[in-house]
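Following: one structure in structure tokens, then a few remarks.
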Amino acid sequence: MAKQTDFPVIFELSQEGRKGYQLPDLDVPDVDLDAEFASDYIRTEQADLPEVSELQIMRHYTALSTRNHGVDSGFYPLGSCTMKYNPKVNEDVARYPGFSMVHPYQQVSSIQGALGLMYDLQESLCEITGMDAVTLQSAAGAQGEWTGLMMIRALHEANGDHHRTKVIVPDSAHGTNPASATVAGFEAVTVKSNNEGLVDLDDLRRVVDENTAALMLTNPNTLGLFEEHILEMASIIHEAGGRLYYDGANLNAIMGYTRPGDMGFDVVHLNLHKTFTGPHGGGGPGSGPVGVTEELAKFLPKPLISKNQDGFYFDSDRPSSIGRIKPYYGNFGINVRAYTYIRSMGPDGLKQVSENAVVNANYMMRRLQEEFHLPFTQHCKHEFVLSGKNQKKMGVRTLDIAKRLLDFGYHPPTIYFPINVEEALMVEPTETESKETLDEFIDAMIQISEEAKDDPEIVQEAPHSTVVGRMDETQAARKPVLRYYREES
Amino acid sequence: MSLPKEFRYSEEHEWVKDEGDNLRIGITDFAQSELGDIVFVELPEVGDDLELDAPFGSVESVKTVSELYAPVAGKVVEVNEDLEDSPELVNESPHEKAWMVVVEPSDKSQLDDLMDADAYKEMTEDE
């Protein structure tokens, strides 16, 4: 196929007078705009909209859609993002009229099925995480983090502990953690990692004090390593009067084997669009339910879904609640997909998911460590971090390796993150890939490393097969062009 | 890689230039080359206090955001405002035009705890 470097925007296809729609004749009285509205509100020029036929629209957007890379088109080992396959049965169920045709203001008695699903999902997520109560409202992970921290803040304030203003975050944490802490009104304090890639307990003891509100942690952490001293960390934080926040981004490694609640966490958010197969990337939306222990349950956003002798209902009589955090009831369609996944996998199936995710990651890590530097050599969980420093010596950087992978039809791994690993490449294969796919990707990585030695230019100038080559990311960040202006003809 | 002999260097890749009463601070040539193209620099305000080893700003490149750690404690007396509109200066002239802050140190002897050019060179070669 020819390269299409000049891909027009739809405005450039416009021909005056061309139409992609047909309207019936007007069969209601015409409205005199001038009489109905103040002149300030009436447009005097026609809006500059593209004038194209229906066929042109179809071709334009169909062509655009083929430029996307998704899990349905190829391997997507983007570390920390859990780009697993989204089973299509989820889509079937989400389209059931009882879920897709309901209105948020409908009478509760007429949506008992939808409420029952939400109630059961709350219960399922409690069981999976070891928490006592769950809200489904938060729209995605970062809002879940903020919601959880606001509840921790509400708890400290209810206890009169207004001095607890610090939230401890590891140096390997997701960038959203310190950001959420800041937005929730806390000061983010960094705790360092040790040589094994785990939280340095001595440094943790150093930064914890009477002002500590919480520790935010992913476990396994961002290096894909299980924080094996988690119980000791939990007691350090709890003895100081703080609470533990679990970032559920990496739950895919431990489901069915252990639970954040059993590790001592007080608050958990989950990413249903990661672990529980909501579509992720290029469409979304996400869903980031938050679970808490009994102590914090009264602060949960309202309403929760509860049950009494009349059936399921919106429970809004919650005087200590931090309030509503999103209009209506969360991203319901994603919650339906997650519920479908949980029920179709069952407890044993979810446990198998974690096992396969971990086995896949370790298999890849052990094969790739022969060619790439592996900074932390213990077994990993669901993902691992390589360093491109061997290849850097040949003048090939991690960015070049990522670009070269595009020529093999792969979405590259996460790069330059976590920031405590030089030239980082963070690979998360997920459980849904076959051994053949893993082997093909590994072979491509090894070939790229060979190229770095023998013919570095082919890597440095990659990609060679994509529609566009390297974007000027620097200029895009320094002088972004954020609006399209139609050129005067 | 340029490494002025008269500067002192921190483990976090800041350089410090002794200007008598005050100290001028920036990030090293090595640091800018590791970070890649710098797209944004966040600095403190004049009058802010810097706490030794605590973050006082950040440098954002295409690939990452990196915090600036105070190599000495003191009060900020001058800030390089050119970097707001021209972050590329950090890549082009890390040791001169892209100085970041001038600090009035609270204890100038903290300079002695920093590395000289040779020690810093050795450290970066190990990385």
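To be explicit about the labels: the chains of the structure tokens are called A, B, and onward in the order shown, and within each one the residues are counted from 1, while ligands get numbers from 1 in the order they are shown.
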
- Task: Could the residues of chain B within 7 Å of chain A, counting only C-alpha atoms, be given as a ChimeraX atom specification, please?
- Result: /B:37,39,62-64

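Using only C-alpha atoms, the contacts of Glu125 of chain B at a cut-off of 12 Å, with sequence neighbours closer than 5 positions omitted, comprise Met1, Phe30, Asp118, Ala119 and Tyr120 of chain B.
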
*asked:* If DSSP is run on the backbone, what residues of segment 20-63 of chain B are strand (DSSP E)? A reply as a ChimeraX atom specification would be ideal.
replied: /B:22-27,38-42,49-50,55-61

(Q) Excluding segment 205-217 of chain A and its own-chain neighbours fewer than 2 positions away, which residues fall within 10 Å of it when counting only C-alpha atoms? Please give them as a ChimeraX atom specification. (A) /A:145,149,152-153,155-156,161-170,172-174,177-178,181,186-192,199-203,219-222,227,230,233-234,236-248,265-268

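Every protein, DNA or RNA residue with an atom at most 9 Å from Ser109 of chain A, where only C-alpha atoms count and chain neighbours fewer than 5 positions away do not, is listed here: Asp310, Gly311, Phe312 and Tyr313 of chain A.
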
Exercise for review: Identify, on the basis of only C-alpha atoms, every residue whose closest approach to Tyr69 of chain B does not exceed 12 Å; exclude the query and any residue fewer than 6 positions from it along the same chain; express the result as a list of chain:residue names.
Suggested key: B:Tyr9, B:Ser10, B:Glu11, B:Glu12, B:His13, B:Glu14, B:Trp15, B:Val16, B:Ile25, B:Gly26, B:Ile27, B:Leu43, B:Pro44, B:Leu50, B:Glu51, B:Leu52, B:Asp53, B:Ala54, B:Pro55, B:Phe56, B:Gly57, B:Ser58, B:Val59, B:Met100, B:Val101

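Residues in contact with Lys17 of chain B at 7 Å, where only C-alpha atoms are counted and same-chain residues fewer than 3 positions away are skipped, are listed as Phe7, Arg8, Leu23, Arg24 and Ile25 of chain B.
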
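Near segment 54-67 of chain A, within 8 Å and counting only C-alpha atoms, sit Ile10, Lys19, Gly20 and Tyr21 of chain A; same-chain residues fewer than 4 positions away were not included.
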
Just list as number ranges by chain whatever in segment 277-382 of chain A DSSP marks as alpha helix (DSSP H). A: 294-297, 332-368

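Interatomic distance, atom CA of Asn22 of chain B against atom CA of Gly36 of chain B: 29.4 Å.
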
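The two atoms in question, atom CA of Gly288 of chain A and atom CA of Asn271 of chain A, are spaced 4.9 Å apart.
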
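Nearest-residue note for Tyr119 of chain A: choosing from A:Glu371, A:Glu232, A:Asp315, A:Asp171, the minimum distance belongs to A:Asp315, counting only C-alpha atoms.
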
Students should find that atom CA of Asp34 of chain A and atom CA of Gly17 of chain A are spaced 25.8 Å
